[in-house]
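J.: There's a structure below that I have some questions on.
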Amino acid sequence: MDNLEDSQSHVQQVVKPPKIHWWKISVLILVLLLALGVAIAIPTLKTLGLAKDSLNLARETYTLGKNQDLAAANAKLAATKLQLERTRTQYQVIKWTKFIPLIGAYWQDGNHFLNAALAGIDSAQIIGSALEPYADVLGFKGQGSFLGGTAEDRIVTAVQTLEKVMPEIDKVADKLKVAQTELAQINPRRYPNEVKGKPIRPLIVQAQTLSQDAVIAVTDARPVIELLPQVMGVDSERKYLVLFQNDAELRATGGFMTAYGILRLDKGRVSAEKSDDIYTLDAKFKQRLQTPDPIKKYLPLVFYWHLRDMNLSPDFKVSMDTFTTYYQTLPGEPAAKQLTGVIAVDTQVLQHLLEVLGPIEVPGFGAFTSDIDPACNCPQVIYQLELIADRPVATLKDSRKGVIGPMMQTILLKAYGSPKAMWPKLVETVVRDITQKHILFYFFEDKFQQAAEGISVAGRIKDYQGDYFHLNDTNFGGAKSNMFVDQTVDQEITISDAGEITKKVTVTYKNPHPPSNCNLEAGQLCLNGTLRDFVRLYVPAGSTLVEALGFDPDTISTNEDLGKTVFEGFFTVRPEGTAKIEL
């Protein structure tokens with residue numbers, strides 16, 4: 001018995017480990033993942049549905065705004081905001097996912113984007129409400145608050161009440177800064193360049209850039225709105241020297257200064273005073289100034305520096321600093337202290353305005369239209385102005401270019417008397433011409449000048465930290481050939497393994513039209529002659545010229561100007577000919 005018990009005491013019981021059912025664990029994990037997916041997917045799909053509705057409303061709002069239907073756009077904005085707020089509320093249902101590795105970052109990005117969108121809509125609503133009283137004056141559909149009197153009266157009232165808009169501008173800036181801050185927290189590198197052919201990362205980068213630009217634009221626009229009543233003569237009468245630049249004969253700031261006039265603004269009302277030929281000014285200018293080198297080299301038979309050639313710098317302010325210094329010494333012309341500034345316009349402005357307003361009749365000078373004249377394949381208004389100004393005649397013609405003043409007054413009167421339906425197109429045309437530098441502004445007072453430079457309407461060559469490219473053509477004695485020359489620019493950029501950047505610029509000039517009869521004895525209008533082009537290329541300071549082709553011998557040089565390196569040279573293009581330069 002003892003031996004039996006002893007033997008049993010040494011028997012060890014073997015206990016088998018429980019069997020692991022891996023398929024059950026897999027099913028459990030799958031169920032959990034499915035549950036997690038459903039928990040994310042269902043509210044996400046709801047959010048996406050609401051977001052799609054918000055996007056559709058936003059597109060409708062944009063279309064209404066583009067069509068200048070301000071009242072309808074404001075109403076649609078309110079609906080868009082309400083739908084976007086519902087989207088954000090639904091989006092908060094999956095807020096808990098921000099604690100999940102990897103997934104959480106995308107939830108945060110979505111939240112930043114929704115916050116930015118709402119701030120953007122808030123800013124748009126503030127702008128829309130602020131502009132409603134000015135609806136018809138600014139060319140929007142719908143009736144503004146300024147109902148009494150003529151169109152001119154309503155414009156005057158609008159200008160006089162602009163100070164009411166200033167507090168709203170500050171609110172807009174605050175909202176846009178919120179949008180910029182939210183979008184800046186999104187990392188575009190987390191996203192692919194595109195999904196199913198639709199861009200993703202570029203759109204994020206674009207949104208971030210646009211938000212930054214919007215803040216800058218509103219900040220820069222504030223002083224303009226603040227000072228506009230003064231510029232329009234609300235506080236006291238303002239006078240402006242208007243220079244007519246003929247872009248058919250290109251000069252550095254946009255065209256040969258062929259004529260001038262005086263524009264008067266009194267409490268918002270605009271009227272044109274005298275106008276005359278630029279040569280009339282030069283006849284008063286008795287100083288014999290030495291010609292700058294480019295004129296000395298390339299402008300034949302010009303032995304002194306005349307007022308008409310003083311827009312030699314491509315920086316409009318630099319050119320006007322020079323021009324007005326001498327202009328104010330002329331007898332019978334307003335002194336600088338009597339002028340608020342200078343406004344330069346080119347032939348494109350006249351053409352574009354007549355395209356909107358239709359034909360005009362200028363007393364003493366005849367009819368002008370935007371129709372194409374077969375004599376030059378150019379707008380009739382341009383051809384008639386050239387006939388009046390430059391066609392040789394057997395007798396003296398007094399004030400040949402005095403047409404500019406009466407034409408400006410006629411255009412103003414027709415614009416004021418035009419039907420309200422035409423105003424959107426008029427406003428759009430003027431804004432586009434300013435944006436495209438067909439109209440330039442120069443002011444004597446620093447506060448006005450800085451405001452103009454802030455919104456890039458002053459024609460400045462600006463400082464810039466990145467790449468810079470400004471091609472400037474000056475027609476020195478080449479008739480009106482720029483009217484017929486087509487120009488194309490190609491840039492080819494290569495970066496070496498060492499990081500050295502090389503840019504090849506190719507500019508092609510084509511004049512497919514036959515030459516004009518430029519024999520003075522023939523008495524014909526000399527428009528299409530040989531283009532004599534002094535060209536300057538402004539590039540980042542410190543750039544070096546590797547090679548230049550296509551220029552006349554010994555005309556290429558490298559200089560420094562306006563904080564840039566400048567490559568310059570000279571070449572010619574004959575009618576029915578082509579020229580190509582490479583730098």
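By order in the structure tokens, chains are A, B, ...; within a chain, residues start at 1; ligands start at 1, following the order shown.
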What parts of segment 229-468 of chain A does DSSP call helix (DSSP H, G or I)? I'd like the answer as a ChimeraX atom specification.
T.: /A:229-231,278-284,293-298,307-309,316-327,336-338,347-357,380-390,404-416,420-435,446-454
J.: Contacts of Ala116 of chain A at 12 Å or less, counting only C-alpha atoms, minus same-chain residues fewer than 6 places along, as a PDB file with all heavy atoms, in the first residue's frame?
T.:
```pdb
ATOM      1  N   LYS A  81     -24.029  78.925 -46.532  1.00  0.00           N
ATOM      2  CA  LYS A  81     -23.489  78.899 -45.174  1.00  0.00           C
ATOM      3  C   LYS A  81     -24.272  77.940 -44.288  1.00  0.00           C
ATOM      4  O   LYS A  81     -23.683  77.166 -43.521  1.00  0.00           O
ATOM      5  CB  LYS A  81     -23.510  80.302 -44.575  1.00  0.00           C
ATOM      6  CG  LYS A  81     -22.922  80.350 -43.163  1.00  0.00           C
ATOM      7  CD  LYS A  81     -22.950  81.755 -42.579  1.00  0.00           C
ATOM      8  CE  LYS A  81     -22.377  81.749 -41.162  1.00  0.00           C
ATOM      9  NZ  LYS A  81     -22.404  83.099 -40.563  1.00  0.00           N
ATOM     10  N   LEU A  84     -23.344  74.447 -45.143  1.00  0.00           N
ATOM     11  CA  LEU A  84     -21.978  74.138 -44.704  1.00  0.00           C
ATOM     12  C   LEU A  84     -21.918  73.935 -43.195  1.00  0.00           C
ATOM     13  O   LEU A  84     -21.154  73.092 -42.698  1.00  0.00           O
ATOM     14  CB  LEU A  84     -21.033  75.262 -45.139  1.00  0.00           C
ATOM     15  CG  LEU A  84     -19.543  74.918 -45.150  1.00  0.00           C
ATOM     16  CD1 LEU A  84     -19.255  73.742 -46.067  1.00  0.00           C
ATOM     17  CD2 LEU A  84     -18.729  76.129 -45.599  1.00  0.00           C
ATOM     18  N   GLU A  85     -22.715  74.687 -42.461  1.00  0.00           N
ATOM     19  CA  GLU A  85     -22.775  74.489 -41.000  1.00  0.00           C
ATOM     20  C   GLU A  85     -23.344  73.109 -40.663  1.00  0.00           C
ATOM     21  O   GLU A  85     -22.890  72.454 -39.718  1.00  0.00           O
ATOM     22  CB  GLU A  85     -23.607  75.599 -40.364  1.00  0.00           C
ATOM     23  CG  GLU A  85     -22.880  76.943 -40.316  1.00  0.00           C
ATOM     24  CD  GLU A  85     -23.767  78.061 -39.821  1.00  0.00           C
ATOM     25  OE1 GLU A  85     -25.015  77.913 -39.907  1.00  0.00           O
ATOM     26  OE2 GLU A  85     -23.234  79.090 -39.352  1.00  0.00           O
ATOM     27  N   ARG A  88     -20.541  70.662 -41.214  1.00  0.00           N
ATOM     28  CA  ARG A  88     -19.571  70.647 -40.118  1.00  0.00           C
ATOM     29  C   ARG A  88     -20.127  69.945 -38.885  1.00  0.00           C
ATOM     30  O   ARG A  88     -19.419  69.204 -38.198  1.00  0.00           O
ATOM     31  CB  ARG A  88     -19.140  72.076 -39.753  1.00  0.00           C
ATOM     32  CG  ARG A  88     -18.010  72.105 -38.733  1.00  0.00           C
ATOM     33  CD  ARG A  88     -17.436  73.489 -38.545  1.00  0.00           C
ATOM     34  NE  ARG A  88     -18.403  74.415 -37.970  1.00  0.00           N
ATOM     35  CZ  ARG A  88     -18.095  75.647 -37.570  1.00  0.00           C
ATOM     36  NH1 ARG A  88     -16.846  76.086 -37.710  1.00  0.00           N
ATOM     37  NH2 ARG A  88     -19.007  76.439 -37.077  1.00  0.00           N
ATOM     38  N   ASP A 109      -7.431  67.770 -40.952  1.00  0.00           N
ATOM     39  CA  ASP A 109      -7.379  68.554 -42.188  1.00  0.00           C
ATOM     40  C   ASP A 109      -8.786  68.929 -42.658  1.00  0.00           C
ATOM     41  O   ASP A 109      -9.038  70.061 -43.073  1.00  0.00           O
ATOM     42  CB  ASP A 109      -6.670  67.757 -43.289  1.00  0.00           C
ATOM     43  CG  ASP A 109      -5.164  67.670 -43.054  1.00  0.00           C
ATOM     44  OD1 ASP A 109      -4.661  68.390 -42.175  1.00  0.00           O
ATOM     45  OD2 ASP A 109      -4.509  66.876 -43.756  1.00  0.00           O
ATOM     46  N   GLY A 110      -9.696  67.948 -42.591  1.00  0.00           N
ATOM     47  CA  GLY A 110     -11.073  68.222 -42.991  1.00  0.00           C
ATOM     48  C   GLY A 110     -11.705  69.296 -42.132  1.00  0.00           C
ATOM     49  O   GLY A 110     -12.435  70.167 -42.627  1.00  0.00           O
ATOM     50  N   ASP A 122     -18.299  83.880 -44.606  1.00  0.00           N
ATOM     51  CA  ASP A 122     -18.570  85.059 -43.764  1.00  0.00           C
ATOM     52  C   ASP A 122     -18.019  86.321 -44.419  1.00  0.00           C
ATOM     53  O   ASP A 122     -18.696  87.362 -44.454  1.00  0.00           O
ATOM     54  CB  ASP A 122     -17.954  84.875 -42.377  1.00  0.00           C
ATOM     55  CG  ASP A 122     -18.735  83.891 -41.510  1.00  0.00           C
ATOM     56  OD1 ASP A 122     -19.908  83.639 -41.832  1.00  0.00           O
ATOM     57  OD2 ASP A 122     -18.160  83.384 -40.526  1.00  0.00           O
ATOM     58  N   SER A 123     -16.791  86.231 -44.929  1.00  0.00           N
ATOM     59  CA  SER A 123     -16.180  87.408 -45.566  1.00  0.00           C
ATOM     60  C   SER A 123     -16.957  87.807 -46.819  1.00  0.00           C
ATOM     61  O   SER A 123     -17.169  89.000 -47.073  1.00  0.00           O
ATOM     62  CB  SER A 123     -14.717  87.125 -45.918  1.00  0.00           C
ATOM     63  OG  SER A 123     -14.608  86.146 -46.926  1.00  0.00           O
ATOM     64  N   LYS A 175     -11.831  87.905 -41.126  1.00  0.00           N
ATOM     65  CA  LYS A 175     -12.353  86.604 -41.542  1.00  0.00           C
ATOM     66  C   LYS A 175     -11.384  85.895 -42.487  1.00  0.00           C
ATOM     67  O   LYS A 175     -11.169  84.673 -42.387  1.00  0.00           O
ATOM     68  CB  LYS A 175     -13.718  86.772 -42.221  1.00  0.00           C
ATOM     69  CG  LYS A 175     -14.828  87.222 -41.291  1.00  0.00           C
ATOM     70  CD  LYS A 175     -15.142  86.151 -40.240  1.00  0.00           C
ATOM     71  CE  LYS A 175     -16.293  86.565 -39.345  1.00  0.00           C
ATOM     72  NZ  LYS A 175     -16.587  85.540 -38.304  1.00  0.00           N
ATOM     73  N   LEU A 176     -10.806  86.644 -43.408  1.00  0.00           N
ATOM     74  CA  LEU A 176      -9.868  86.042 -44.350  1.00  0.00           C
ATOM     75  C   LEU A 176      -8.603  85.549 -43.651  1.00  0.00           C
ATOM     76  O   LEU A 176      -8.016  84.543 -44.059  1.00  0.00           O
ATOM     77  CB  LEU A 176      -9.515  87.041 -45.450  1.00  0.00           C
ATOM     78  CG  LEU A 176     -10.638  87.365 -46.441  1.00  0.00           C
ATOM     79  CD1 LEU A 176     -10.196  88.434 -47.425  1.00  0.00           C
ATOM     80  CD2 LEU A 176     -11.068  86.110 -47.202  1.00  0.00           C
ATOM     81  N   LYS A 177      -8.192  86.241 -42.615  1.00  0.00           N
ATOM     82  CA  LYS A 177      -7.026  85.783 -41.851  1.00  0.00           C
ATOM     83  C   LYS A 177      -7.322  84.461 -41.138  1.00  0.00           C
ATOM     84  O   LYS A 177      -6.451  83.601 -41.009  1.00  0.00           O
ATOM     85  CB  LYS A 177      -6.606  86.858 -40.846  1.00  0.00           C
ATOM     86  CG  LYS A 177      -5.934  88.067 -41.493  1.00  0.00           C
ATOM     87  CD  LYS A 177      -5.661  89.164 -40.477  1.00  0.00           C
ATOM     88  CE  LYS A 177      -5.068  90.405 -41.152  1.00  0.00           C
ATOM     89  NZ  LYS A 177      -4.897  91.525 -40.189  1.00  0.00           N
ATOM     90  N   VAL A 178      -8.577  84.304 -40.651  1.00  0.00           N
ATOM     91  CA  VAL A 178      -8.982  83.038 -40.039  1.00  0.00           C
ATOM     92  C   VAL A 178      -8.880  81.916 -41.073  1.00  0.00           C
ATOM     93  O   VAL A 178      -8.340  80.832 -40.800  1.00  0.00           O
ATOM     94  CB  VAL A 178     -10.421  83.129 -39.493  1.00  0.00           C
ATOM     95  CG1 VAL A 178     -10.922  81.748 -39.085  1.00  0.00           C
ATOM     96  CG2 VAL A 178     -10.475  84.083 -38.303  1.00  0.00           C
ATOM     97  N   ALA A 179      -9.406  82.168 -42.284  1.00  0.00           N
ATOM     98  CA  ALA A 179      -9.350  81.161 -43.348  1.00  0.00           C
ATOM     99  C   ALA A 179      -7.908  80.818 -43.701  1.00  0.00           C
ATOM    100  O   ALA A 179      -7.556  79.642 -43.881  1.00  0.00           O
ATOM    101  CB  ALA A 179     -10.095  81.673 -44.582  1.00  0.00           C
ATOM    102  N   GLN A 180      -7.064  81.837 -43.776  1.00  0.00           N
ATOM    103  CA  GLN A 180      -5.651  81.604 -44.102  1.00  0.00           C
ATOM    104  C   GLN A 180      -4.981  80.749 -43.032  1.00  0.00           C
ATOM    105  O   GLN A 180      -4.243  79.805 -43.339  1.00  0.00           O
ATOM    106  CB  GLN A 180      -4.923  82.942 -44.231  1.00  0.00           C
ATOM    107  CG  GLN A 180      -3.438  82.799 -44.541  1.00  0.00           C
ATOM    108  CD  GLN A 180      -2.704  84.129 -44.499  1.00  0.00           C
ATOM    109  OE1 GLN A 180      -3.274  85.150 -44.113  1.00  0.00           O
ATOM    110  NE2 GLN A 180      -1.444  84.126 -44.872  1.00  0.00           N
ATOM    111  N   THR A 181      -5.236  81.055 -41.753  1.00  0.00           N
ATOM    112  CA  THR A 181      -4.643  80.298 -40.650  1.00  0.00           C
ATOM    113  C   THR A 181      -5.090  78.840 -40.669  1.00  0.00           C
ATOM    114  O   THR A 181      -4.277  77.918 -40.455  1.00  0.00           O
ATOM    115  CB  THR A 181      -5.020  80.943 -39.303  1.00  0.00           C
ATOM    116  OG1 THR A 181      -4.560  82.298 -39.285  1.00  0.00           O
ATOM    117  CG2 THR A 181      -4.393  80.182 -38.143  1.00  0.00           C
ATOM    118  N   GLU A 182      -6.372  78.599 -40.925  1.00  0.00           N
ATOM    119  CA  GLU A 182      -6.894  77.229 -40.962  1.00  0.00           C
ATOM    120  C   GLU A 182      -6.263  76.441 -42.112  1.00  0.00           C
ATOM    121  O   GLU A 182      -5.812  75.305 -41.928  1.00  0.00           O
ATOM    122  CB  GLU A 182      -8.420  77.252 -41.116  1.00  0.00           C
ATOM    123  CG  GLU A 182      -9.172  77.797 -39.910  1.00  0.00           C
ATOM    124  CD  GLU A 182      -9.200  76.825 -38.732  1.00  0.00           C
ATOM    125  OE1 GLU A 182      -8.828  75.653 -38.907  1.00  0.00           O
ATOM    126  OE2 GLU A 182      -9.608  77.244 -37.631  1.00  0.00           O
ATOM    127  N   LEU A 183      -6.225  77.021 -43.297  1.00  0.00           N
ATOM    128  CA  LEU A 183      -5.687  76.312 -44.457  1.00  0.00           C
ATOM    129  C   LEU A 183      -4.187  76.064 -44.334  1.00  0.00           C
ATOM    130  O   LEU A 183      -3.672  75.063 -44.839  1.00  0.00           O
ATOM    131  CB  LEU A 183      -5.971  77.111 -45.732  1.00  0.00           C
ATOM    132  CG  LEU A 183      -7.437  77.149 -46.185  1.00  0.00           C
ATOM    133  CD1 LEU A 183      -7.613  78.096 -47.359  1.00  0.00           C
ATOM    134  CD2 LEU A 183      -7.928  75.753 -46.565  1.00  0.00           C
ATOM    135  N   ALA A 184      -3.485  76.964 -43.642  1.00  0.00           N
ATOM    136  CA  ALA A 184      -2.037  76.812 -43.493  1.00  0.00           C
ATOM    137  C   ALA A 184      -1.673  75.577 -42.675  1.00  0.00           C
ATOM    138  O   ALA A 184      -0.540  75.079 -42.759  1.00  0.00           O
ATOM    139  CB  ALA A 184      -1.449  78.063 -42.849  1.00  0.00           C
ATOM    140  N   GLN A 185      -2.616  75.057 -41.891  1.00  0.00           N
ATOM    141  CA  GLN A 185      -2.337  73.895 -41.038  1.00  0.00           C
ATOM    142  C   GLN A 185      -2.525  72.564 -41.771  1.00  0.00           C
ATOM    143  O   GLN A 185      -2.274  71.499 -41.203  1.00  0.00           O
ATOM    144  CB  GLN A 185      -3.244  73.943 -39.803  1.00  0.00           C
ATOM    145  CG  GLN A 185      -2.979  75.161 -38.920  1.00  0.00           C
ATOM    146  CD  GLN A 185      -3.893  75.214 -37.714  1.00  0.00           C
ATOM    147  OE1 GLN A 185      -3.790  74.396 -36.811  1.00  0.00           O
ATOM    148  NE2 GLN A 185      -4.795  76.181 -37.700  1.00  0.00           N
ATOM    149  N   ILE A 186      -2.957  72.628 -43.027  1.00  0.00           N
ATOM    150  CA  ILE A 186      -3.107  71.413 -43.828  1.00  0.00           C
ATOM    151  C   ILE A 186      -1.784  71.129 -44.541  1.00  0.00           C
ATOM    152  O   ILE A 186      -1.205  72.018 -45.167  1.00  0.00           O
ATOM    153  CB  ILE A 186      -4.238  71.575 -44.855  1.00  0.00           C
ATOM    154  CG1 ILE A 186      -5.569  71.821 -44.134  1.00  0.00           C
ATOM    155  CG2 ILE A 186      -4.340  70.340 -45.746  1.00  0.00           C
ATOM    156  CD1 ILE A 186      -6.730  72.108 -45.072  1.00  0.00           C
ATOM    157  N   ALA A 207      -5.502  76.612 -52.888  1.00  0.00           N
ATOM    158  CA  ALA A 207      -6.367  77.210 -51.867  1.00  0.00           C
ATOM    159  C   ALA A 207      -5.542  77.979 -50.841  1.00  0.00           C
ATOM    160  O   ALA A 207      -5.917  79.080 -50.413  1.00  0.00           O
ATOM    161  CB  ALA A 207      -7.198  76.132 -51.187  1.00  0.00           C
ATOM    162  N   GLN A 208      -4.407  77.403 -50.439  1.00  0.00           N
ATOM    163  CA  GLN A 208      -3.541  78.083 -49.473  1.00  0.00           C
ATOM    164  C   GLN A 208      -2.984  79.379 -50.057  1.00  0.00           C
ATOM    165  O   GLN A 208      -2.944  80.409 -49.386  1.00  0.00           O
ATOM    166  CB  GLN A 208      -2.409  77.149 -49.048  1.00  0.00           C
ATOM    167  CG  GLN A 208      -2.876  75.956 -48.221  1.00  0.00           C
ATOM    168  CD  GLN A 208      -1.772  74.958 -47.946  1.00  0.00           C
ATOM    169  OE1 GLN A 208      -0.845  74.783 -48.755  1.00  0.00           O
ATOM    170  NE2 GLN A 208      -1.848  74.284 -46.808  1.00  0.00           N
ATOM    171  N   LEU A 210      -4.284  81.198 -52.575  1.00  0.00           N
ATOM    172  CA  LEU A 210      -5.367  82.167 -52.764  1.00  0.00           C
ATOM    173  C   LEU A 210      -5.773  82.828 -51.452  1.00  0.00           C
ATOM    174  O   LEU A 210      -6.104  84.016 -51.425  1.00  0.00           O
ATOM    175  CB  LEU A 210      -6.576  81.479 -53.397  1.00  0.00           C
ATOM    176  CG  LEU A 210      -6.444  81.086 -54.875  1.00  0.00           C
ATOM    177  CD1 LEU A 210      -7.652  80.290 -55.337  1.00  0.00           C
ATOM    178  CD2 LEU A 210      -6.251  82.319 -55.746  1.00  0.00           C
ATOM    179  N   SER A 211      -5.741  82.054 -50.355  1.00  0.00           N
ATOM    180  CA  SER A 211      -6.101  82.643 -49.064  1.00  0.00           C
ATOM    181  C   SER A 211      -5.083  83.708 -48.647  1.00  0.00           C
ATOM    182  O   SER A 211      -5.448  84.752 -48.112  1.00  0.00           O
ATOM    183  CB  SER A 211      -6.210  81.549 -47.994  1.00  0.00           C
ATOM    184  OG  SER A 211      -4.943  80.988 -47.683  1.00  0.00           O
TER     185      SER A 211
END
```
J.: Considering only C-alpha atoms, state which residue in the set A:Phe476, A:Gln160, A:Asp433, A:Glu547 is at the smallest distance from Lys296 of chain A.
T.: A:Phe476
J.: Excluding same-chain residues fewer than 5 positions from Thr325 of chain A, what lies within 12 Å of it counting only C-alpha atoms, as a ChimeraX atom specification?
T.: /A:285,307,310,317-320,330,335-337,444
J.: Quick one: residues within 7 Å of segment 502-510 of chain A, only C-alpha atoms, excluding same-chain residues fewer than 6 positions away - as a list in words?
T.: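 Listing them by chain and then by number gives Val485, Asp486, Gln487, Thr488, Val489, Asp490, Gln491, Glu492, Ile493, Thr494, Ile495, Gly577, Thr578, Ala579, Lys580, Ile581, Glu582 and Leu583 of chain A.
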J.: List every residue of segment 199-411 of chain A that DSSP, applied to the backbone, labels as strand (DSSP E or B), and write the result as a PyMOL selection string.
T.: chain A and resi 199+238-246+256-266+269-277+341-346+360-362+366-368+372-373+378-379
J.: Excluding Ala452 of chain A and any residue of its chain fewer than 5 positions from it, enumerate the residues within 8 Å of it, using only C-alpha atoms, and give them as a PyMOL selection string.
T.: chain A and resi 224+441-442+457-458
